[in-house]
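Asks: Here you go, entry_2.pdb (PDB, C-alpha atoms (C1' of nucleotides)):
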ATOM      1  CA  MET A   1       0.000   0.000   0.000
ATOM      2  CA  GLY A   2       2.031   2.887   1.306
ATOM      3  CA  SER A   3       0.962   6.310   2.458
ATOM      4  CA  ASN A   4      -0.341   9.048   0.212
ATOM      5  CA  TYR A   5       2.813  10.939   0.880
ATOM      6  CA  ASP A   6       5.247   8.294  -0.307
ATOM      7  CA  GLN A   7       5.617  10.061  -3.608
ATOM      8  CA  GLN A   8       6.733  13.330  -2.035
ATOM      9  CA  LEU A   9       9.360  11.507  -0.009
ATOM     10  CA  ILE A  10      10.604   9.358  -2.870
ATOM     11  CA  GLU A  11      10.913  12.393  -5.120
ATOM     12  CA  ARG A  12      13.239  13.918  -2.548
ATOM     13  CA  ASN A  13      15.236  10.701  -2.174
ATOM     14  CA  VAL A  14      13.930   9.802   1.251
ATOM     15  CA  LYS A  15      12.916   6.211   1.837
ATOM     16  CA  PRO A  16       9.320   6.275   3.043
ATOM     17  CA  THR A  17       9.543   4.291   6.259
ATOM     18  CA  ALA A  18       6.573   4.072   8.618
ATOM     19  CA  MET A  19       8.116   6.624  10.952
ATOM     20  CA  ARG A  20       8.752   9.091   8.153
ATOM     21  CA  GLN A  21       5.248   8.731   6.795
ATOM     22  CA  LEU A  22       3.874   9.520  10.228
ATOM     23  CA  VAL A  23       6.115  12.532  10.668
ATOM     24  CA  TYR A  24       5.286  13.792   7.198
ATOM     25  CA  THR A  25       1.578  13.449   7.926
ATOM     26  CA  VAL A  26       1.859  15.426  11.151
ATOM     27  CA  LEU A  27       3.918  18.143   9.494
ATOM     28  CA  ASN A  28       1.362  18.344   6.717
ATOM     29  CA  GLU A  29      -1.427  18.965   9.225
ATOM     30  CA  GLN A  30       0.249  22.009  10.741
ATOM     31  CA  LYS A  31      -0.800  25.519   9.820
ATOM     32  CA  THR A  32       2.328  26.896  11.478
ATOM     33  CA  ALA A  33       5.902  25.721  11.864
ATOM     34  CA  ILE A  34       6.613  23.235  14.626
ATOM     35  CA  SER A  35       9.519  22.460  16.924
ATOM     36  CA  LEU A  36      11.005  19.067  17.743
ATOM     37  CA  ALA A  37       9.440  19.207  21.218
ATOM     38  CA  GLU A  38       6.022  20.079  19.792
ATOM     39  CA  LEU A  39       6.298  17.317  17.230
ATOM     40  CA  GLU A  40       7.119  14.874  20.013
ATOM     41  CA  GLN A  41       3.911  15.805  21.799
ATOM     42  CA  LYS A  42       1.845  14.843  18.769
ATOM     43  CA  PHE A  43       2.673  11.214  19.450
ATOM     44  CA  GLU A  44       1.674   8.967  22.307
ATOM     45  CA  LYS A  45       5.057   7.388  22.582
ATOM     46  CA  VAL A  46       8.001   8.116  20.363
ATOM     47  CA  ASP A  47      11.746   8.490  20.661
ATOM     48  CA  ARG A  48      12.852  12.086  20.492
ATOM     49  CA  VAL A  49      16.147  11.177  18.823
ATOM     50  CA  THR A  50      14.367   9.334  16.045
ATOM     51  CA  LEU A  51      12.229  12.396  15.414
ATOM     52  CA  TYR A  52      15.332  14.550  15.561
ATOM     53  CA  ARG A  53      17.059  12.450  12.930
ATOM     54  CA  THR A  54      13.939  12.248  10.807
ATOM     55  CA  LEU A  55      13.778  16.040  10.793
ATOM     56  CA  LYS A  56      17.480  16.256   9.943
ATOM     57  CA  THR A  57      16.998  13.850   7.054
ATOM     58  CA  PHE A  58      13.965  15.771   5.826
ATOM     59  CA  GLU A  59      15.921  18.995   6.059
ATOM     60  CA  ASP A  60      18.931  17.590   4.179
ATOM     61  CA  LYS A  61      16.684  16.330   1.431
ATOM     62  CA  LYS A  62      14.706  19.564   1.293
ATOM     63  CA  VAL A  63      11.421  18.019   2.362
ATOM     64  CA  ILE A  64      11.256  20.626   5.122
ATOM     65  CA  HIS A  65      13.061  23.828   5.961
ATOM     66  CA  ALA A  66      14.291  25.030   9.336
ATOM     67  CA  ILE A  67      13.329  28.408  10.772
ATOM     68  CA  GLU A  68      15.401  30.030  13.459
ATOM     69  CA  ASP A  69      12.786  32.204  15.069
ATOM     70  CA  GLY A  70      14.842  33.228  18.046
ATOM     71  CA  THR A  71      12.792  31.315  20.590
ATOM     72  CA  GLY A  72      15.633  28.943  21.303
ATOM     73  CA  SER A  73      14.017  26.047  19.515
ATOM     74  CA  VAL A  74      14.242  25.631  15.765
ATOM     75  CA  LYS A  75      10.932  25.319  13.955
ATOM     76  CA  TYR A  76      10.267  23.216  10.875
ATOM     77  CA  ALA A  77       7.763  23.415   8.060
ATOM     78  CA  LEU A  78       7.207  21.524   4.823
ATOM     79  CA  CYS A  79       8.768  23.030   1.739
ATOM     80  CA  GLN A  80       6.633  24.061  -1.194
ATOM     81  CA  ASP A  81       6.528  21.590  -4.071
ATOM     82  CA  THR A  82       8.790  23.693  -6.211
ATOM     83  CA  CYS A  83      11.216  24.582  -3.438
ATOM     84  CA  GLU A  84      14.902  23.879  -3.832
ATOM     85  CA  CYS A  85      15.800  26.035  -0.840
ATOM     86  CA  ASN A  86      17.743  28.380  -3.105
ATOM     87  CA  PRO A  87      17.808  32.049  -2.156
ATOM     88  CA  LYS A  88      15.036  32.694  -4.669
ATOM     89  CA  ASP A  89      12.843  30.061  -3.018
ATOM     90  CA  LEU A  90      13.144  31.637   0.399
ATOM     91  CA  HIS A  91      10.188  33.300   2.013
ATOM     92  CA  VAL A  92       9.731  35.466   5.064
ATOM     93  CA  HIS A  93       8.673  33.968   8.390
ATOM     94  CA  PHE A  94       6.554  35.602  11.034
ATOM     95  CA  HIS A  95       6.776  34.939  14.742
ATOM     96  CA  CYS A  96       3.868  36.094  16.889
ATOM     97  CA  THR A  97       5.118  37.336  20.233
ATOM     98  CA  GLU A  98       1.688  36.778  21.743
ATOM     99  CA  CYS A  99       0.733  33.209  20.828
ATOM    100  CA  GLY A 100       4.261  32.087  20.013
ATOM    101  CA  GLN A 101       3.285  30.620  16.645
ATOM    102  CA  THR A 102       5.693  30.857  13.731
ATOM    103  CA  TYR A 103       4.124  31.286  10.300
ATOM    104  CA  CYS A 104       5.524  30.687   6.834
ATOM    105  CA  LEU A 105       4.616  33.693   4.734
ATOM    106  CA  ASN A 106       4.975  31.670   1.565
ATOM    107  CA  ASP A 107       3.789  34.552  -0.599
ATOM    108  CA  ILE A 108       6.392  36.975   0.672
ATOM    109  CA  GLN A 109       9.767  36.376  -0.892
ATOM    110  CA  VAL A 110      12.882  37.402   0.996
ATOM    111  CA  PRO A 111      14.064  40.681  -0.552
ATOM    112  CA  GLY A 112      17.380  40.688  -2.379
ATOM    113  CA  ILE A 113      20.353  42.159  -0.555
ATOM    114  CA  ASN A 114      23.475  43.716  -2.012
ATOM    115  CA  LEU A 115      26.257  42.381   0.148
ATOM    116  CA  PRO A 116      29.562  44.234   0.578
ATOM    117  CA  GLN A 117      32.486  43.430  -1.763
ATOM    118  CA  ASN A 118      33.617  39.808  -1.650
ATOM    119  CA  PHE A 119      30.836  38.572   0.575
ATOM    120  CA  THR A 120      29.006  35.646  -1.034
ATOM    121  CA  LEU A 121      25.456  34.616  -0.229
ATOM    122  CA  GLU A 122      24.232  31.116   0.549
ATOM    123  CA  SER A 123      20.928  31.591   2.340
ATOM    124  CA  VAL A 124      18.845  34.038   4.312
ATOM    125  CA  ASN A 125      16.863  33.646   7.527
ATOM    126  CA  MET A 126      14.368  36.463   7.833
ATOM    127  CA  VAL A 127      11.960  36.451  10.740
ATOM    128  CA  VAL A 128       9.517  39.274  11.313
ATOM    129  CA  LYS A 129       8.203  39.512  14.850
ATOM    130  CA  GLY A 130       4.970  41.099  15.925
ATOM    131  CA  VAL A 131       1.356  40.122  16.516
ATOM    132  CA  CYS A 132      -0.528  37.820  14.150
ATOM    133  CA  ASP A 133      -4.043  38.318  12.801
ATOM    134  CA  GLU A 134      -5.552  35.856  15.266
ATOM    135  CA  CYS A 135      -4.069  37.661  18.247
ATOM    136  CA  ASN A 136      -4.979  41.072  16.848
ATOM    137  CA  LYS A 137      -8.696  40.228  16.887
TER     138      LYS A 137
ATOM    139  CA  MET B 138      37.532  59.502  37.141
ATOM    140  CA  GLY B 139      35.257  57.026  35.374
ATOM    141  CA  SER B 140      35.700  55.286  32.086
ATOM    142  CA  ASN B 141      35.508  56.962  28.721
ATOM    143  CA  TYR B 142      32.323  55.084  28.097
ATOM    144  CA  ASP B 143      30.401  56.271  31.144
ATOM    145  CA  GLN B 144      28.607  58.817  29.050
ATOM    146  CA  GLN B 145      27.231  56.228  26.633
ATOM    147  CA  LEU B 146      25.898  54.166  29.517
ATOM    148  CA  ILE B 147      24.438  57.081  31.424
ATOM    149  CA  GLU B 148      22.677  58.339  28.309
ATOM    150  CA  ARG B 149      20.955  54.970  28.081
ATOM    151  CA  ASN B 150      20.060  54.965  31.773
ATOM    152  CA  VAL B 151      22.537  52.311  32.794
ATOM    153  CA  LYS B 152      24.586  52.933  35.906
ATOM    154  CA  PRO B 153      28.252  52.675  34.898
ATOM    155  CA  THR B 154      29.527  50.110  37.374
ATOM    156  CA  ALA B 155      33.037  48.681  37.062
ATOM    157  CA  MET B 156      31.676  45.467  35.575
ATOM    158  CA  ARG B 157      29.614  47.300  32.993
ATOM    159  CA  GLN B 158      32.497  49.512  31.990
ATOM    160  CA  LEU B 159      34.606  46.434  31.418
ATOM    161  CA  VAL B 160      31.924  44.714  29.387
ATOM    162  CA  TYR B 161      31.299  47.845  27.347
ATOM    163  CA  THR B 162      35.006  48.150  26.625
ATOM    164  CA  VAL B 163      35.231  44.564  25.427
ATOM    165  CA  LEU B 164      32.143  44.919  23.261
ATOM    166  CA  ASN B 165      33.575  48.078  21.786
ATOM    167  CA  GLU B 166      36.752  46.274  20.759
ATOM    168  CA  GLN B 167      34.904  43.664  18.715
ATOM    169  CA  LYS B 168      34.694  43.885  14.947
ATOM    170  CA  THR B 169      31.992  41.239  14.928
ATOM    171  CA  ALA B 170      29.140  40.283  17.234
ATOM    172  CA  ILE B 171      29.974  38.160  20.249
ATOM    173  CA  SER B 172      28.206  35.490  22.291
ATOM    174  CA  LEU B 173      27.950  35.232  26.058
ATOM    175  CA  ALA B 174      30.412  32.333  26.048
ATOM    176  CA  GLU B 175      32.889  34.267  23.900
ATOM    177  CA  LEU B 176      32.546  37.301  26.128
ATOM    178  CA  GLU B 177      33.265  35.120  29.135
ATOM    179  CA  GLN B 178      36.529  34.003  27.555
ATOM    180  CA  LYS B 179      37.726  37.580  27.258
ATOM    181  CA  PHE B 180      38.108  37.671  31.032
ATOM    182  CA  GLU B 181      40.473  35.820  33.320
ATOM    183  CA  LYS B 182      37.857  35.133  35.901
ATOM    184  CA  VAL B 183      34.272  36.306  35.773
ATOM    185  CA  ASP B 184      30.853  35.002  36.676
ATOM    186  CA  ARG B 185      28.834  33.957  33.661
ATOM    187  CA  VAL B 186      25.555  34.983  35.260
ATOM    188  CA  THR B 187      26.811  38.478  35.931
ATOM    189  CA  LEU B 188      27.796  38.799  32.293
ATOM    190  CA  TYR B 189      24.454  37.360  31.304
ATOM    191  CA  ARG B 190      22.606  39.942  33.346
ATOM    192  CA  THR B 191      24.864  42.729  32.167
ATOM    193  CA  LEU B 192      24.032  41.811  28.575
ATOM    194  CA  LYS B 193      20.316  41.653  29.408
ATOM    195  CA  THR B 194      20.484  45.094  30.987
ATOM    196  CA  PHE B 195      22.396  46.491  28.018
ATOM    197  CA  GLU B 196      19.858  44.960  25.670
ATOM    198  CA  ASP B 197      16.879  46.338  27.607
ATOM    199  CA  LYS B 198      18.418  49.776  27.608
ATOM    200  CA  LYS B 199      19.363  49.555  23.926
ATOM    201  CA  VAL B 200      23.091  49.762  24.527
ATOM    202  CA  ILE B 201      23.449  46.563  22.510
ATOM    203  CA  HIS B 202      21.228  44.508  20.236
ATOM    204  CA  ALA B 203      20.842  40.751  20.078
ATOM    205  CA  ILE B 204      21.327  38.782  16.874
ATOM    206  CA  GLU B 205      19.846  35.347  16.453
ATOM    207  CA  ASP B 206      22.215  33.959  13.869
ATOM    208  CA  GLY B 207      21.016  30.395  14.035
ATOM    209  CA  THR B 208      24.157  29.004  15.608
ATOM    210  CA  GLY B 209      22.366  28.229  18.829
ATOM    211  CA  SER B 210      23.983  31.042  20.745
ATOM    212  CA  VAL B 211      22.711  34.582  20.582
ATOM    213  CA  LYS B 212      25.278  37.185  19.535
ATOM    214  CA  TYR B 213      25.464  40.763  20.778
ATOM    215  CA  ALA B 214      26.841  43.960  19.310
ATOM    216  CA  LEU B 215      26.833  47.608  20.336
ATOM    217  CA  CYS B 216      24.055  49.718  18.883
ATOM    218  CA  GLN B 217      24.850  52.724  16.749
ATOM    219  CA  ASP B 218      24.670  56.065  18.541
ATOM    220  CA  THR B 219      21.400  56.971  16.911
ATOM    221  CA  CYS B 220      19.800  53.556  17.334
ATOM    222  CA  GLU B 221      16.488  53.180  19.083
ATOM    223  CA  CYS B 222      16.056  49.614  17.878
ATOM    224  CA  ASN B 223      12.986  50.633  15.927
ATOM    225  CA  PRO B 224      12.280  48.783  12.696
ATOM    226  CA  LYS B 225      13.857  51.676  10.789
ATOM    227  CA  ASP B 226      17.054  51.361  12.823
ATOM    228  CA  LEU B 227      17.443  47.685  12.031
ATOM    229  CA  HIS B 228      20.250  46.503   9.824
ATOM    230  CA  VAL B 229      21.061  43.218   8.164
ATOM    231  CA  HIS B 230      23.458  40.747   9.801
ATOM    232  CA  PHE B 231      25.813  38.400   8.041
ATOM    233  CA  HIS B 232      26.935  35.053   9.366
ATOM    234  CA  CYS B 233      29.980  33.476   7.735
ATOM    235  CA  THR B 234      29.586  29.727   7.546
ATOM    236  CA  GLU B 235      33.336  29.330   7.235
ATOM    237  CA  CYS B 236      34.827  31.327  10.118
ATOM    238  CA  GLY B 237      31.615  31.468  12.143
ATOM    239  CA  GLN B 238      31.803  35.242  12.629
ATOM    240  CA  THR B 239      28.628  37.295  12.667
ATOM    241  CA  TYR B 240      28.888  40.796  11.186
ATOM    242  CA  CYS B 241      26.683  43.828  11.608
ATOM    243  CA  LEU B 242      26.093  45.254   8.150
ATOM    244  CA  ASN B 243      25.293  48.637   9.609
ATOM    245  CA  ASP B 244      24.964  50.227   6.192
ATOM    246  CA  ILE B 245      22.366  47.775   4.964
ATOM    247  CA  GLN B 246      18.939  48.539   6.327
ATOM    248  CA  VAL B 247      16.414  45.726   6.664
ATOM    249  CA  PRO B 248      14.029  46.043   3.711
ATOM    250  CA  GLY B 249      10.422  46.904   4.446
ATOM    251  CA  ILE B 250       7.909  44.059   4.331
ATOM    252  CA  ASN B 251       4.201  44.232   3.603
ATOM    253  CA  LEU B 252       2.674  41.863   6.106
ATOM    254  CA  PRO B 253      -0.678  40.158   5.493
ATOM    255  CA  GLN B 254      -3.877  41.819   6.756
ATOM    256  CA  ASN B 255      -3.988  42.359  10.521
ATOM    257  CA  PHE B 256      -0.427  41.294  11.175
ATOM    258  CA  THR B 257       1.480  43.993  13.055
ATOM    259  CA  LEU B 258       5.229  44.392  13.054
ATOM    260  CA  GLU B 259       7.486  44.869  16.058
ATOM    261  CA  SER B 260      10.951  43.899  14.873
ATOM    262  CA  VAL B 261      12.858  41.962  12.262
ATOM    263  CA  ASN B 262      15.774  39.572  12.544
ATOM    264  CA  MET B 263      17.444  39.201   9.165
ATOM    265  CA  VAL B 264      20.573  37.101   8.904
ATOM    266  CA  VAL B 265      22.271  36.463   5.600
ATOM    267  CA  LYS B 266      24.527  33.413   5.565
ATOM    268  CA  GLY B 267      27.431  32.829   3.254
ATOM    269  CA  VAL B 268      31.162  33.437   3.130
ATOM    270  CA  CYS B 269      32.725  36.700   4.279
ATOM    271  CA  ASP B 270      35.396  38.720   2.489
ATOM    272  CA  GLU B 271      38.177  37.425   4.728
ATOM    273  CA  CYS B 272      37.291  33.802   4.018
ATOM    274  CA  ASN B 273      36.852  34.485   0.296
ATOM    275  CA  LYS B 274      40.470  35.598  -0.059
TER     276      LYS B 274
ATOM    277  C1'  DA C 275      23.596  55.268  60.812
ATOM    278  C1'  DA C 276      19.956  52.748  59.272
ATOM    279  C1'  DA C 277      16.948  51.435  55.776
ATOM    280  C1'  DA C 278      15.991  50.605  50.956
ATOM    281  C1'  DC C 279      17.533  49.493  46.769
ATOM    282  C1'  DT C 280      20.746  47.654  43.144
ATOM    283  C1'  DA C 281      24.365  44.751  41.518
ATOM    284  C1'  DT C 282      27.223  40.755  41.889
ATOM    285  C1'  DG C 283      28.568  35.851  42.735
ATOM    286  C1'  DC C 284      27.586  31.084  43.528
ATOM    287  C1'  DA C 285      24.842  26.928  43.093
ATOM    288  C1'  DA C 286      21.539  24.647  40.920
ATOM    289  C1'  DC C 287      18.305  23.621  37.277
ATOM    290  C1'  DT C 288      15.763  23.576  32.694
ATOM    291  C1'  DG C 289      15.442  22.538  28.043
ATOM    292  C1'  DT C 290      17.357  22.007  23.277
ATOM    293  C1'  DA C 291      20.470  19.813  20.575
ATOM    294  C1'  DT C 292      23.572  16.074  19.812
ATOM    295  C1'  DT C 293      26.539  11.661  19.900
ATOM    296  C1'  DG C 294      27.585   6.652  20.607
ATOM    297  C1'  DC C 295      26.197   2.288  20.446
ATOM    298  C1'  DA C 296      23.392  -1.747  20.091
ATOM    299  C1'  DA C 297      19.227  -3.826  18.206
ATOM    300  C1'  DA C 298      15.930  -4.182  14.537
ATOM    301  C1'  DG C 299      14.792  -3.833   9.898
ATOM    302  C1'  DT C 300      15.821  -3.555   4.977
ATOM    303  C1'  DT C 301      18.351  -4.351   0.658
ATOM    304  C1'  DA C 302      21.888  -6.508  -2.033
ATOM    305  C1'  DT C 303      24.914 -10.562  -2.922
ATOM    306  C1'  DT C 304      26.119 -15.158  -3.282
TER     307       DT C 304
ATOM    308  C1'  DA D 305      17.275 -18.971   1.000
ATOM    309  C1'  DA D 306      21.167 -17.635   3.757
ATOM    310  C1'  DT D 307      24.504 -14.321   4.513
ATOM    311  C1'  DA D 308      26.526  -9.988   4.387
ATOM    312  C1'  DA D 309      26.209  -4.986   4.047
ATOM    313  C1'  DC D 310      23.760  -1.154   4.896
ATOM    314  C1'  DT D 311      20.055   1.805   6.921
ATOM    315  C1'  DT D 312      16.913   3.055  10.444
ATOM    316  C1'  DT D 313      15.355   3.103  15.042
ATOM    317  C1'  DG D 314      15.585   3.235  20.215
ATOM    318  C1'  DC D 315      17.915   3.992  24.511
ATOM    319  C1'  DA D 316      21.369   6.090  27.412
ATOM    320  C1'  DA D 317      24.165   9.598  28.145
ATOM    321  C1'  DT D 318      26.214  14.062  27.312
ATOM    322  C1'  DA D 319      27.094  19.027  25.962
ATOM    323  C1'  DC D 320      25.845  23.417  26.317
ATOM    324  C1'  DA D 321      22.960  27.788  26.193
ATOM    325  C1'  DG D 322      19.955  30.052  28.973
ATOM    326  C1'  DT D 323      17.811  30.993  33.286
ATOM    327  C1'  DT D 324      16.283  31.357  38.356
ATOM    328  C1'  DG D 325      16.837  31.722  43.481
ATOM    329  C1'  DC D 326      19.172  33.278  47.081
ATOM    330  C1'  DA D 327      22.772  35.277  49.859
ATOM    331  C1'  DT D 328      26.291  38.766  50.006
ATOM    332  C1'  DA D 329      28.345  43.108  48.743
ATOM    333  C1'  DG D 330      27.893  47.654  47.305
ATOM    334  C1'  DT D 331      25.418  51.967  46.572
ATOM    335  C1'  DT D 332      21.928  55.460  47.350
ATOM    336  C1'  DT D 333      18.355  57.568  50.061
ATOM    337  C1'  DT D 334      16.279  58.992  54.339
TER     338       DT D 334
END
Could you show the structure in this file as structure tokens?

Replies:
Amino acid sequence: MGSNYDQQLIERNVKPTAMRQLVYTVLNEQKTAISLAELEQKFEKVDRVTLYRTLKTFEDKKVIHAIEDGTGSVKYALCQDTCECNPKDLHVHFHCTECGQTYCLNDIQVPGINLPQNFTLESVNMVVKGVCDECNK
Amino acid sequence: MGSNYDQQLIERNVKPTAMRQLVYTVLNEQKTAISLAELEQKFEKVDRVTLYRTLKTFEDKKVIHAIEDGTGSVKYALCQDTCECNPKDLHVHFHCTECGQTYCLNDIQVPGINLPQNFTLESVNMVVKGVCDECNK
DNA sequence: AAAACTATGCAACTGTATTGCAAAGTTATT
DNA sequence: AATAACTTTGCAATACAGTTGCATAGTTTT
């Protein structure tokens, strides 16, 4: 049989084990980015290290991207289908200081930056902090 | 007597104690942003918690700003004279993946972002990663 | 000089991230 | 089909950044 998400994993060269299918499913259900600790809480019983390595594998293979939102715990979210995690694929993230949620603003591309002479660019982590629409109600 | 830097501290409503003068001096000597652990190593013998609280005080009073560069340890750098840490005062930071240094690109302002409806902005943490001029030689 | 407040130092603790190693599971080879 | 080689998972333990509580020292106010 195999999960509905096998294809996404296989396309990114990740063997779709049971664990990975589960993790992918959970990630897919999230509206906002999620930390390792939060992911752990979605399961009855699971080994944190296995989740940790699953996330690392997913990140390496560009199934997910990491967001350093400054809370002390890295958040993760699924990449868009077309994402190669190149600078041009990068979007802005939003961290709500009220509810603590971290959003992917997939529609807002990270603006280009002209670096000083001889600085070369690999990636950009841009996190806007403020209050989200839910908390502004 | 008093240190040369008393004025800067007093202007920001920080009492210029001996400890704070020392920390300010060290921060002022840095070309790149520095972590708590790195700061600790600049002293023969010093209590980490005191440094920690000194940095927190400096940050609160906008003597320094914190940079979340994604390395797992927050970096700190002196604010510019005119800085009020408002969005318009914010500059881009650069983290070199080769030497590990984090630079303040004081001349490069963080670009404005149009947030979705009902999202309000407080601050922005923008870190560009790549290779710095020194490491590109 | 005493009281009130602020800063410092030490000990202890929390939580995230990470590594090593053995067991279980999977894939390739004979 | 049995073995070997490799990959994934689970458990134990560790490393380290960040943080809190409390007692002492120092400073300022009354």

Asks: Select from chain A every residue with an atom at most 9 Å from any atom of chain C, then for each give the shortest pair of atoms and their distance in Å to one decimal, using all atoms listed in the file, rows by chain and rising number, as CSV.

Replies:
residue,atom,partner,partner_atom,distance
A:Leu36,CA,C:DT290,C1',8.9
A:Ala37,CA,C:DT290,C1',8.6
A:Val49,CA,C:DT292,C1',8.9
A:Tyr52,CA,C:DA291,C1',8.9
A:Gly72,CA,C:DT290,C1',7.4
A:Ser73,CA,C:DT290,C1',6.5
A:Val74,CA,C:DT290,C1',8.9

Asks: The selected residues should be written to file as a compact mmCIF listing (two decimals), in the coordinates of the input (atoms: C-alpha atoms).

Replies:
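To be explicit, this is the file written out as out11.txt:
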# COMPACT_ATOMS: atom_id res chain seq x y z
CA LEU A 36 11.00 19.07 17.74
CA ALA A 37 9.44 19.21 21.22
CA VAL A 49 16.15 11.18 18.82
CA TYR A 52 15.33 14.55 15.56
CA GLY A 72 15.63 28.94 21.30
CA SER A 73 14.02 26.05 19.52
CA VAL A 74 14.24 25.63 15.76

Asks: Go through A:His93, A:Lys56, A:Lys15, A:His65 and flag the residue nearest chain D, using all atoms listed in the file for the distances.

Replies: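 Once distances to chain D are computed over all atoms listed in the file, the minimum belongs to A:Lys15.
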
Asks: Set out as a Markdown table a contact list for chain A and chain D with a cut-off of 12 Å, giving each residue of chain A that qualifies its closest atom pair and distance in Å to one decimal, counting only C-alpha atoms (C1' of nucleotides), ordered by chain and rising residue number.

Replies:
| residue | atom | partner | partner_atom | distance |
| --- | --- | --- | --- | --- |
| A:Val14 | CA | D:DT311 | C1' | 11.6 |
| A:Lys15 | CA | D:DT311 | C1' | 9.8 |
| A:Pro16 | CA | D:DT312 | C1' | 11.1 |
| A:Thr17 | CA | D:DT312 | C1' | 8.6 |
| A:Ala18 | CA | D:DT312 | C1' | 10.5 |
| A:Met19 | CA | D:DT313 | C1' | 9.0 |
| A:Arg20 | CA | D:DT312 | C1' | 10.4 |
| A:Lys45 | CA | D:DG314 | C1' | 11.6 |
| A:Val46 | CA | D:DG314 | C1' | 9.0 |
| A:Asp47 | CA | D:DG314 | C1' | 6.5 |
| A:Arg48 | CA | D:DG314 | C1' | 9.3 |
| A:Val49 | CA | D:DG314 | C1' | 8.1 |
| A:Thr50 | CA | D:DT313 | C1' | 6.4 |
| A:Leu51 | CA | D:DT313 | C1' | 9.8 |
| A:Tyr52 | CA | D:DT313 | C1' | 11.5 |
| A:Arg53 | CA | D:DT312 | C1' | 9.7 |
| A:Thr54 | CA | D:DT312 | C1' | 9.7 |
| A:Thr57 | CA | D:DT312 | C1' | 11.3 |
| A:Thr71 | CA | D:DG322 | C1' | 11.1 |
| A:Gly72 | CA | D:DG322 | C1' | 8.9 |
| A:Ser73 | CA | D:DA321 | C1' | 11.3 |

Asks: For chain A against chain B, with a cut-off of 12 Å and counting all atoms listed in the file, what is the closest atom pair and its distance in Å to one decimal for every residue that makes the cut, ordered by chain and number, as a tab-separated table?

Replies:
residue	atom	partner	partner_atom	distance
A:Ala66	CA	B:Gly207	CA	9.8
A:Ile67	CA	B:Gly207	CA	8.6
A:Glu68	CA	B:Gly207	CA	5.7
A:Asp69	CA	B:Glu205	CA	7.9
A:Gly70	CA	B:Glu205	CA	5.7
A:Thr71	CA	B:Glu205	CA	9.1
A:Gly72	CA	B:Gly209	CA	7.2
A:Ser73	CA	B:Gly209	CA	8.7
A:Val74	CA	B:Gly207	CA	8.5
A:Lys75	CA	B:Gly207	CA	11.3
A:Pro87	CA	B:Val265	CA	10.0
A:Leu90	CA	B:Val265	CA	11.6
A:His91	CA	B:Ile250	CA	11.2
A:Val92	CA	B:Ile250	CA	8.8
A:His93	CA	B:Val261	CA	9.8
A:Phe94	CA	B:Leu252	CA	8.9
A:His95	CA	B:Val261	CA	9.6
A:Cys96	CA	B:Phe256	CA	8.8
A:Thr97	CA	B:Glu259	CA	8.9
A:Glu98	CA	B:Thr257	CA	11.3
A:Tyr103	CA	B:Phe256	CA	11.0
A:Cys104	CA	B:Pro253	CA	11.4
A:Leu105	CA	B:Pro253	CA	8.4
A:Asn106	CA	B:Pro253	CA	10.9
A:Asp107	CA	B:Pro253	CA	9.4
A:Ile108	CA	B:Ile250	CA	8.1
A:Gln109	CA	B:Ile250	CA	9.5
A:Val110	CA	B:Ile250	CA	9.0
A:Pro111	CA	B:Pro248	CA	6.9
A:Gly112	CA	B:Pro248	CA	8.8
A:Ile113	CA	B:Ile245	CA	8.1
A:Asn114	CA	B:Ile245	CA	8.1
A:Leu115	CA	B:Ile245	CA	8.2
A:Pro116	CA	B:Asp270	CA	8.3
A:Gln117	CA	B:Asp270	CA	7.0
A:Asn118	CA	B:Asp270	CA	4.6
A:Phe119	CA	B:Cys269	CA	4.6
A:Thr120	CA	B:Val268	CA	5.2
A:Leu121	CA	B:Gly267	CA	4.4
A:Glu122	CA	B:Gly267	CA	4.5
A:Ser123	CA	B:Lys266	CA	5.2
A:Val124	CA	B:Val265	CA	4.4
A:Asn125	CA	B:Val264	CA	5.3
A:Met126	CA	B:Met263	CA	4.3
A:Val127	CA	B:Asn262	CA	5.2
A:Val128	CA	B:Val261	CA	4.4
A:Lys129	CA	B:Ser260	CA	5.2
A:Gly130	CA	B:Leu258	CA	4.4
A:Val131	CA	B:Thr257	CA	5.2
A:Cys132	CA	B:Phe256	CA	4.6
A:Asp133	CA	B:Asn255	CA	4.6
A:Glu134	CA	B:Asn255	CA	8.2
A:Cys135	CA	B:Phe256	CA	8.7
A:Asn136	CA	B:Asn255	CA	6.5
A:Lys137	CA	B:Asn255	CA	8.2

Asks: Nearest to Lys199 in chain B among B:Lys225, B:Lys168, B:Lys179, B:Arg149, with distances taken over only C-alpha atoms: which residue is it?

Replies: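 Using only C-alpha atoms, the shortest distance to Lys199 in chain B belongs to B:Arg149.
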
Asks: What gap, in Å, lies between CA of Ala33 in chain A and CA of Ser172 in chain B?

Replies: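 Computing it gives 26.5 Å between the two atoms.
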
Asks: For a test of reading the model, state the distance in Å between CA of Asp6 in chain A and CA of Thr102 in chain A, rounded to one decimal.

Replies: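 Separation between CA of Asp6 in chain A and CA of Thr102 in chain A: 26.6 Å.
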